[in-house]
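Chemist: This is the content of final_32.cif (mmCIF, C-alpha atoms):
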```cif
data_start
loop_
_atom_site.group_PDB
_atom_site.id
_atom_site.type_symbol
_atom_site.label_atom_id
_atom_site.label_comp_id
_atom_site.auth_asym_id
_atom_site.auth_seq_id
_atom_site.Cartn_x
_atom_site.Cartn_y
_atom_site.Cartn_z
ATOM 1 C CA MET A 1 12.450 6.654 62.036
ATOM 2 C CA ARG A 2 14.729 8.559 59.666
ATOM 3 C CA ILE A 3 14.999 11.401 62.162
ATOM 4 C CA ILE A 4 16.056 9.039 64.949
ATOM 5 C CA PHE A 5 18.652 7.421 62.676
ATOM 6 C CA ALA A 6 19.974 10.851 61.637
ATOM 7 C CA LEU A 7 20.262 11.948 65.284
ATOM 8 C CA PHE A 8 22.042 8.698 66.188
ATOM 9 C CA LEU A 9 24.474 9.154 63.302
ATOM 10 C CA LEU A 10 25.111 12.802 64.198
ATOM 11 C CA CYS A 11 25.740 11.993 67.870
ATOM 12 C CA SER A 12 28.083 9.119 67.106
ATOM 13 C CA VAL A 13 30.111 11.303 64.732
ATOM 14 C CA SER A 14 30.321 14.041 67.400
ATOM 15 C CA PHE A 15 31.494 11.622 70.104
ATOM 16 C CA ASN A 16 34.059 10.037 67.791
ATOM 17 C CA ALA A 17 35.365 13.453 66.764
ATOM 18 C CA GLN A 18 36.362 14.196 70.364
ATOM 19 C CA SER A 19 38.423 11.042 70.639
ATOM 20 C CA ILE A 20 40.644 11.923 67.655
ATOM 21 C CA TYR A 21 42.438 14.651 69.580
ATOM 22 C CA PRO A 22 45.930 13.577 70.602
ATOM 23 C CA GLN A 23 46.107 12.991 74.351
ATOM 24 C CA ASP A 24 49.266 13.864 76.316
ATOM 25 C CA TYR A 25 50.979 15.142 73.155
ATOM 26 C CA PHE A 26 51.252 18.838 74.059
ATOM 27 C CA SER A 27 52.877 20.188 77.209
ATOM 28 C CA SER A 28 52.333 23.481 78.975
ATOM 29 C CA PRO A 29 53.810 26.517 77.194
ATOM 30 C CA LEU A 30 54.936 28.051 80.506
ATOM 31 C CA GLU A 31 56.996 26.770 83.423
ATOM 32 C CA ILE A 32 54.615 28.191 86.040
ATOM 33 C CA PRO A 33 51.251 26.919 87.294
ATOM 34 C CA LEU A 34 48.566 27.616 84.707
ATOM 35 C CA ILE A 35 45.990 30.124 85.921
ATOM 36 C CA LEU A 36 43.608 31.363 83.246
ATOM 37 C CA SER A 37 42.364 34.896 82.713
ATOM 38 C CA GLY A 38 40.463 33.940 79.544
ATOM 39 C CA THR A 39 38.992 30.649 78.398
ATOM 40 C CA PHE A 40 38.344 28.937 75.081
ATOM 41 C CA ALA A 41 35.142 30.041 73.277
ATOM 42 C CA GLU A 42 34.525 32.779 75.834
ATOM 43 C CA LEU A 43 32.224 35.419 74.375
ATOM 44 C CA ARG A 44 34.062 38.664 73.640
ATOM 45 C CA SER A 45 32.559 41.918 72.371
ATOM 46 C CA ASN A 46 32.609 40.876 68.713
ATOM 47 C CA HIS A 47 33.848 37.250 68.607
ATOM 48 C CA PHE A 48 34.418 34.037 70.498
ATOM 49 C CA HIS A 49 37.859 33.703 72.088
ATOM 50 C CA SER A 50 39.893 31.167 70.097
ATOM 51 C CA GLY A 51 42.372 30.111 72.764
ATOM 52 C CA MET A 52 43.176 30.436 76.414
ATOM 53 C CA ASP A 53 44.800 33.386 78.145
ATOM 54 C CA ILE A 54 47.313 32.303 80.749
ATOM 55 C CA LYS A 55 48.254 34.674 83.555
ATOM 56 C CA THR A 56 51.969 35.437 83.816
ATOM 57 C CA GLN A 57 52.029 36.651 87.416
ATOM 58 C CA GLN A 58 51.553 40.268 86.230
ATOM 59 C CA ARG A 59 54.996 40.104 84.591
ATOM 60 C CA THR A 60 56.486 40.035 81.124
ATOM 61 C CA GLY A 61 59.591 38.100 80.131
ATOM 62 C CA LEU A 62 58.649 34.602 81.317
ATOM 63 C CA LYS A 63 60.062 31.797 79.185
ATOM 64 C CA VAL A 64 57.580 30.476 76.614
ATOM 65 C CA ILE A 65 58.432 26.939 75.554
ATOM 66 C CA ALA A 66 57.406 24.808 72.591
ATOM 67 C CA SER A 67 54.519 22.525 73.555
ATOM 68 C CA ALA A 68 55.716 19.828 71.143
ATOM 69 C CA ASN A 69 58.322 19.211 68.434
ATOM 70 C CA GLY A 70 57.759 21.073 65.199
ATOM 71 C CA TYR A 71 58.802 24.046 63.119
ATOM 72 C CA VAL A 72 57.993 27.748 63.165
ATOM 73 C CA SER A 73 55.517 28.054 60.308
ATOM 74 C CA ARG A 74 54.364 31.647 60.751
ATOM 75 C CA ILE A 75 55.487 34.779 62.558
ATOM 76 C CA LYS A 76 53.334 37.871 62.669
ATOM 77 C CA ILE A 77 54.235 41.168 64.285
ATOM 78 C CA SER A 78 51.641 43.917 64.505
ATOM 79 C CA HIS A 79 50.826 46.886 66.713
ATOM 80 C CA TYR A 80 47.306 45.454 67.025
ATOM 81 C CA GLY A 81 45.608 42.101 67.580
ATOM 82 C CA TYR A 82 48.016 39.388 68.717
ATOM 83 C CA GLY A 83 50.993 41.770 68.671
ATOM 84 C CA LYS A 84 54.030 39.526 68.433
ATOM 85 C CA ALA A 85 52.781 36.036 67.571
ATOM 86 C CA LEU A 86 54.463 32.738 66.792
ATOM 87 C CA TYR A 87 52.885 29.706 65.090
ATOM 88 C CA ILE A 88 54.471 26.271 65.395
ATOM 89 C CA THR A 89 53.298 23.414 63.160
ATOM 90 C CA HIS A 90 53.718 19.925 64.591
ATOM 91 C CA PRO A 91 54.242 16.567 62.836
ATOM 92 C CA ASN A 92 50.692 15.503 63.783
ATOM 93 C CA GLY A 93 49.269 18.376 61.702
ATOM 94 C CA TYR A 94 48.257 20.567 64.636
ATOM 95 C CA THR A 95 49.530 24.116 65.111
ATOM 96 C CA THR A 96 50.152 25.906 68.389
ATOM 97 C CA VAL A 97 49.892 29.686 68.588
ATOM 98 C CA TYR A 98 51.682 31.858 71.154
ATOM 99 C CA ALA A 99 50.644 35.529 71.191
ATOM 100 C CA HIS A 100 51.132 38.916 72.903
ATOM 101 C CA LEU A 101 54.828 38.071 73.198
ATOM 102 C CA LYS A 102 57.550 40.460 74.371
ATOM 103 C CA SER A 103 60.287 38.938 72.232
ATOM 104 C CA PHE A 104 61.446 35.721 70.617
ATOM 105 C CA ALA A 105 64.218 33.206 71.269
ATOM 106 C CA PRO A 106 67.541 34.531 69.897
ATOM 107 C CA GLU A 107 67.587 32.418 66.699
ATOM 108 C CA ILE A 108 64.004 33.408 65.857
ATOM 109 C CA GLU A 109 64.647 37.047 66.796
ATOM 110 C CA ASP A 110 67.660 37.178 64.407
ATOM 111 C CA TYR A 111 65.561 35.685 61.602
ATOM 112 C CA ILE A 112 62.851 38.313 62.155
ATOM 113 C CA LYS A 113 65.234 41.275 62.394
ATOM 114 C CA LYS A 114 66.824 40.388 59.038
ATOM 115 C CA GLN A 115 63.405 40.337 57.391
ATOM 116 C CA GLN A 116 62.278 43.559 59.093
ATOM 117 C CA TYR A 117 65.358 45.417 57.847
ATOM 118 C CA LYS A 118 65.009 43.892 54.405
ATOM 119 C CA ASN A 119 61.353 44.983 54.205
ATOM 120 C CA GLU A 120 61.988 48.222 56.132
ATOM 121 C CA SER A 121 58.997 47.493 58.324
ATOM 122 C CA TYR A 122 58.387 46.654 61.981
ATOM 123 C CA GLU A 123 55.048 45.055 61.174
ATOM 124 C CA ILE A 124 55.681 41.849 59.281
ATOM 125 C CA GLU A 125 54.205 38.463 58.495
ATOM 126 C CA LEU A 126 56.604 35.637 57.690
ATOM 127 C CA PHE A 127 56.161 32.009 56.642
ATOM 128 C CA PRO A 128 59.517 30.266 57.230
ATOM 129 C CA LYS A 129 60.294 27.092 55.309
ATOM 130 C CA VAL A 130 59.845 23.769 57.098
ATOM 131 C CA ASP A 131 63.568 23.336 57.765
ATOM 132 C CA GLU A 132 64.446 26.941 58.714
ATOM 133 C CA LEU A 133 63.342 27.200 62.348
ATOM 134 C CA LEU A 134 62.969 23.765 63.929
ATOM 135 C CA VAL A 135 61.956 23.510 67.595
ATOM 136 C CA THR A 136 61.857 20.662 70.087
ATOM 137 C CA LYS A 137 59.340 20.096 72.846
ATOM 138 C CA GLY A 138 60.362 22.141 75.883
ATOM 139 C CA SER A 139 62.750 24.440 74.014
ATOM 140 C CA LEU A 140 62.634 28.206 74.472
ATOM 141 C CA VAL A 141 60.722 29.909 71.637
ATOM 142 C CA ALA A 142 59.799 33.307 73.103
ATOM 143 C CA TYR A 143 59.218 35.455 76.171
ATOM 144 C CA SER A 144 55.760 36.390 77.454
ATOM 145 C CA GLY A 145 54.642 39.945 77.005
ATOM 146 C CA ASN A 146 51.858 42.446 76.568
ATOM 147 C CA SER A 147 52.054 43.299 72.856
ATOM 148 C CA GLY A 148 49.269 44.097 70.429
ATOM 149 C CA GLY A 149 45.737 44.469 71.758
ATOM 150 C CA SER A 150 46.583 42.904 75.097
ATOM 151 C CA GLY A 151 44.986 44.343 78.218
ATOM 152 C CA GLY A 152 47.830 43.261 80.495
ATOM 153 C CA PRO A 153 50.702 40.775 80.657
ATOM 154 C CA HIS A 154 49.609 37.244 79.710
ATOM 155 C CA LEU A 155 50.186 34.508 77.151
ATOM 156 C CA HIS A 156 47.478 33.809 74.601
ATOM 157 C CA PHE A 157 47.799 30.118 73.684
ATOM 158 C CA GLU A 158 45.883 28.239 70.992
ATOM 159 C CA ILE A 159 45.886 24.817 69.434
ATOM 160 C CA ARG A 160 44.532 24.534 65.903
ATOM 161 C CA ASP A 161 43.736 21.377 63.959
ATOM 162 C CA ASN A 162 45.109 20.652 60.483
ATOM 163 C CA ALA A 163 42.324 22.763 58.946
ATOM 164 C CA GLU A 164 43.417 25.740 61.119
ATOM 165 C CA ARG A 165 40.268 25.493 63.273
ATOM 166 C CA PRO A 166 40.872 26.405 66.927
ATOM 167 C CA ILE A 167 40.180 23.565 69.345
ATOM 168 C CA ASN A 168 39.803 23.613 73.089
ATOM 169 C CA PRO A 169 43.260 22.961 74.604
ATOM 170 C CA CYS A 170 41.524 21.389 77.616
ATOM 171 C CA PHE A 171 40.476 18.463 75.364
ATOM 172 C CA LEU A 172 44.165 17.623 75.001
ATOM 173 C CA ALA A 173 45.073 17.445 78.660
#
```
Translate this file's structure into structure tokens.
Modeler:
Amino acid sequence: MRIIFALFLLCSVSFNAQSIYPQDYFSSPLEIPLILSGTFAELRSNHFHSGMDIKTQQRTGLKVIASANGYVSRIKISHYGYGKALYITHPNGYTTVYAHLKSFAPEIEDYIKKQQYKNESYEIELFPKVDELLVTKGSLVAYSGNSGGSGGPHLHFEIRDNAERPINPCFLA
């Protein structure tokens, strides 16, 4: 009897957990039809994929737009991994991640360049203050690219919960 109760409790918690995701809060990060080249939790050689890879019509330089209001909370530029990546924290506690970028919106690009020159380093990781780089839903934040460990032009897009755990963006559609 205890086992049945425990299973019932576990299942009800799991079903309730799915309903806490905000519906219709986030919009598409690109202004083109979304065609995926990689899916959430897809098995990779040494990990599970933590987001979705969106095809960019075999091009770089497409406008990447903020999926919701928020502020740029982290910027990381590396020759490896995500390459040029932007993290936007939203008022609901979720964070969206945009990676393998070519470049950033002018205001963000200026902010980065100042820090790169100050640190005398191309590779950099920044954590802007809450009021430094505010963005609104639909505003330009970057341009799609092929930076880092990317195998071709695309946008890697993630949504993370307030504990920084990746969640399936399809749950939020």
Chemist: Rank nothing, just name the residue among A:Ile75, A:Leu34, A:Leu155, A:Leu86 nearest to Asp53 (chain A), using only C-alpha atoms.
Modeler: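 Of all the options, A:Leu155 lies closest to Asp53 (chain A).
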Chemist: Taking all atoms listed in the file into account, which of A:Thr96, A:Ile167, A:Gly149, A:Val72 comes nearest Phe127 (chain A)?
Modeler: A:Val72
Chemist: Any chance you could work out the residue set of the PyMOL selection byres ((chain A and resi 108) around 10) here, as a compact mmCIF listing (two decimals) with C-alpha atoms, in the frame of the given file?
Modeler:
```txt
# COMPACT_ATOMS: atom_id res chain seq x y z
CA VAL A 72 57.99 27.75 63.16
CA ILE A 75 55.49 34.78 62.56
CA LEU A 86 54.46 32.74 66.79
CA SER A 103 60.29 38.94 72.23
CA PHE A 104 61.45 35.72 70.62
CA ALA A 105 64.22 33.21 71.27
CA PRO A 106 67.54 34.53 69.90
CA GLU A 107 67.59 32.42 66.70
CA GLU A 109 64.65 37.05 66.80
CA ASP A 110 67.66 37.18 64.41
CA TYR A 111 65.56 35.68 61.60
CA ILE A 112 62.85 38.31 62.16
CA LYS A 113 65.23 41.28 62.39
CA GLU A 132 64.45 26.94 58.71
CA LEU A 133 63.34 27.20 62.35
CA LEU A 134 62.97 23.76 63.93
CA VAL A 141 60.72 29.91 71.64
CA ALA A 142 59.80 33.31 73.10
```
Chemist: Name the residues that the PyMOL selection byres ((chain A and resi 57) around 10) pulls out of this structure, and write them as a count of residues only.
Modeler: 12
Chemist: Please indicate the distance in Å from CA of Ser28 (chain A) to CA of His90 (chain A), rounded to one decimal place.
Modeler: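 Atom-to-atom, CA of Ser28 (chain A) to CA of His90 (chain A), that is 14.9 Å.
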Chemist: Any chance you could resolve the PyMOL selection byres ((chain A and resi 150) around 8) against this file and give the residues as a list in words?
Modeler: Gly81, Tyr82, Gly83, His100, Asn146, Ser147, Gly148, Gly149, Gly151, Gly152, Pro153 and His154 of chain A
Chemist: Have a look at CA of Ala68 (chain A) and CA of Val135 (chain A) and let me know their distance in Å, one decimal.
Modeler: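 So the two atoms, CA of Ala68 (chain A) and CA of Val135 (chain A), lie 8.1 Å apart.
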Chemist: Separation of CA of Gln115 (chain A) and CA of Ser144 (chain A), in Å?
Modeler: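 If I compute the distance from CA of Gln115 (chain A) to CA of Ser144 (chain A), I get 21.8 Å.
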Chemist: Counting all atoms listed in the file, which of A:Ala99, A:Ala66, A:Leu36, A:Met52 gets nearest to Pro166 (chain A)?
Modeler: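 Result for the nearest residue to Pro166 (chain A): A:Met52.
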Chemist: Which residue, A:Pro169, A:Val97, A:Thr89, A:Ala163, has the smallest gap to Pro22 (chain A) when you use only C-alpha atoms?
Modeler: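 Using only C-alpha atoms, the shortest distance to Pro22 (chain A) belongs to A:Pro169.
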Chemist: For a quick check of understanding, using only C-alpha atoms, which of A:Asp131, A:Tyr143, A:Gln23, A:Pro91 has the smallest distance to Asn69 (chain A)?
Modeler: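 Nearest to Asn69 (chain A): A:Pro91.
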Chemist: Could you check the closest approach to Tyr98 (chain A) for each of A:Ile77, A:Val130, A:Ile124, A:Val64 and tell me which residue wins, using all atoms listed in the file?
Modeler: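 Smallest separation from Tyr98 (chain A) among the options: A:Val64.
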Chemist: Supply region 155-166 of chain A as a short mmCIF file (atom, residue, chain, number, x, y, z; two decimals), keeping the file's coordinate frame, with all heavy atoms built in where the input has gaps.
Modeler:
```cif
data_model
loop_
_atom_site.label_atom_id
_atom_site.label_comp_id
_atom_site.auth_asym_id
_atom_site.auth_seq_id
_atom_site.Cartn_x
_atom_site.Cartn_y
_atom_site.Cartn_z
N LEU A 155 49.88 35.26 78.37
CA LEU A 155 50.19 34.51 77.15
C LEU A 155 48.88 34.01 76.57
O LEU A 155 48.12 33.31 77.24
CB LEU A 155 51.10 33.32 77.45
CG LEU A 155 51.37 32.40 76.25
CD1 LEU A 155 52.19 33.12 75.18
CD2 LEU A 155 52.06 31.12 76.70
N HIS A 156 48.61 34.38 75.33
CA HIS A 156 47.48 33.81 74.60
C HIS A 156 48.01 32.54 73.93
O HIS A 156 48.99 32.59 73.20
CB HIS A 156 46.96 34.79 73.55
CG HIS A 156 45.89 34.20 72.69
ND1 HIS A 156 44.57 34.25 73.03
CD2 HIS A 156 45.96 33.53 71.52
CE1 HIS A 156 43.86 33.63 72.08
NE2 HIS A 156 44.69 33.18 71.16
N PHE A 157 47.35 31.41 74.21
CA PHE A 157 47.80 30.12 73.68
C PHE A 157 46.63 29.42 72.98
O PHE A 157 45.53 29.36 73.52
CB PHE A 157 48.31 29.25 74.84
CG PHE A 157 48.75 27.87 74.44
CD1 PHE A 157 49.90 27.69 73.70
CD2 PHE A 157 48.02 26.76 74.83
CE1 PHE A 157 50.32 26.41 73.33
CE2 PHE A 157 48.43 25.48 74.48
CZ PHE A 157 49.57 25.31 73.72
N GLU A 158 46.90 28.95 71.77
CA GLU A 158 45.88 28.24 70.99
C GLU A 158 46.45 26.94 70.47
O GLU A 158 47.65 26.83 70.24
CB GLU A 158 45.48 29.03 69.73
CG GLU A 158 44.70 30.26 69.94
CD GLU A 158 44.38 30.95 68.61
OE1 GLU A 158 44.26 30.27 67.56
OE2 GLU A 158 44.27 32.18 68.63
N ILE A 159 45.56 26.01 70.21
CA ILE A 159 45.89 24.82 69.43
C ILE A 159 44.87 24.76 68.30
O ILE A 159 43.67 24.88 68.53
CB ILE A 159 45.84 23.53 70.29
CG1 ILE A 159 46.87 23.62 71.42
CG2 ILE A 159 46.12 22.31 69.41
CD1 ILE A 159 46.86 22.43 72.36
N ARG A 160 45.39 24.62 67.09
CA ARG A 160 44.53 24.53 65.90
C ARG A 160 44.71 23.17 65.23
O ARG A 160 45.82 22.64 65.22
CB ARG A 160 44.88 25.64 64.91
CG ARG A 160 44.66 27.03 65.47
CD ARG A 160 45.04 28.09 64.48
NE ARG A 160 44.81 29.43 65.02
CZ ARG A 160 45.04 30.54 64.34
NH1 ARG A 160 45.49 30.47 63.08
NH2 ARG A 160 44.81 31.71 64.88
N ASP A 161 43.63 22.66 64.66
CA ASP A 161 43.74 21.38 63.96
C ASP A 161 44.33 21.60 62.57
O ASP A 161 44.69 22.72 62.20
CB ASP A 161 42.39 20.65 63.91
CG ASP A 161 41.34 21.35 63.06
OD1 ASP A 161 41.67 22.28 62.28
OD2 ASP A 161 40.17 20.96 63.15
N ASN A 162 44.44 20.54 61.79
CA ASN A 162 45.11 20.65 60.48
C ASN A 162 44.33 21.47 59.47
O ASN A 162 44.84 21.78 58.40
CB ASN A 162 45.47 19.28 59.93
CG ASN A 162 44.27 18.37 59.78
OD1 ASN A 162 43.13 18.79 59.95
ND2 ASN A 162 44.52 17.11 59.48
N ALA A 163 43.10 21.86 59.80
CA ALA A 163 42.32 22.76 58.95
C ALA A 163 42.35 24.18 59.52
O ALA A 163 41.56 25.03 59.11
CB ALA A 163 40.89 22.26 58.82
N GLU A 164 43.25 24.43 60.47
CA GLU A 164 43.42 25.74 61.12
C GLU A 164 42.22 26.15 61.97
O GLU A 164 42.03 27.33 62.26
CB GLU A 164 43.74 26.83 60.08
CG GLU A 164 45.12 26.73 59.50
CD GLU A 164 46.22 27.08 60.50
OE1 GLU A 164 46.09 28.05 61.24
OE2 GLU A 164 47.22 26.34 60.53
N ARG A 165 41.40 25.20 62.39
CA ARG A 165 40.27 25.49 63.27
C ARG A 165 40.75 25.41 64.71
O ARG A 165 41.35 24.41 65.11
CB ARG A 165 39.13 24.49 63.06
CG ARG A 165 38.49 24.58 61.69
CD ARG A 165 37.46 23.50 61.54
NE ARG A 165 38.12 22.20 61.67
CZ ARG A 165 37.86 21.14 60.91
NH1 ARG A 165 36.92 21.19 60.01
NH2 ARG A 165 38.52 20.00 61.08
N PRO A 166 40.48 26.46 65.51
CA PRO A 166 40.87 26.40 66.93
C PRO A 166 40.12 25.29 67.64
O PRO A 166 38.93 25.07 67.38
CB PRO A 166 40.45 27.77 67.47
CG PRO A 166 40.24 28.63 66.30
CD PRO A 166 39.87 27.73 65.16
#
```
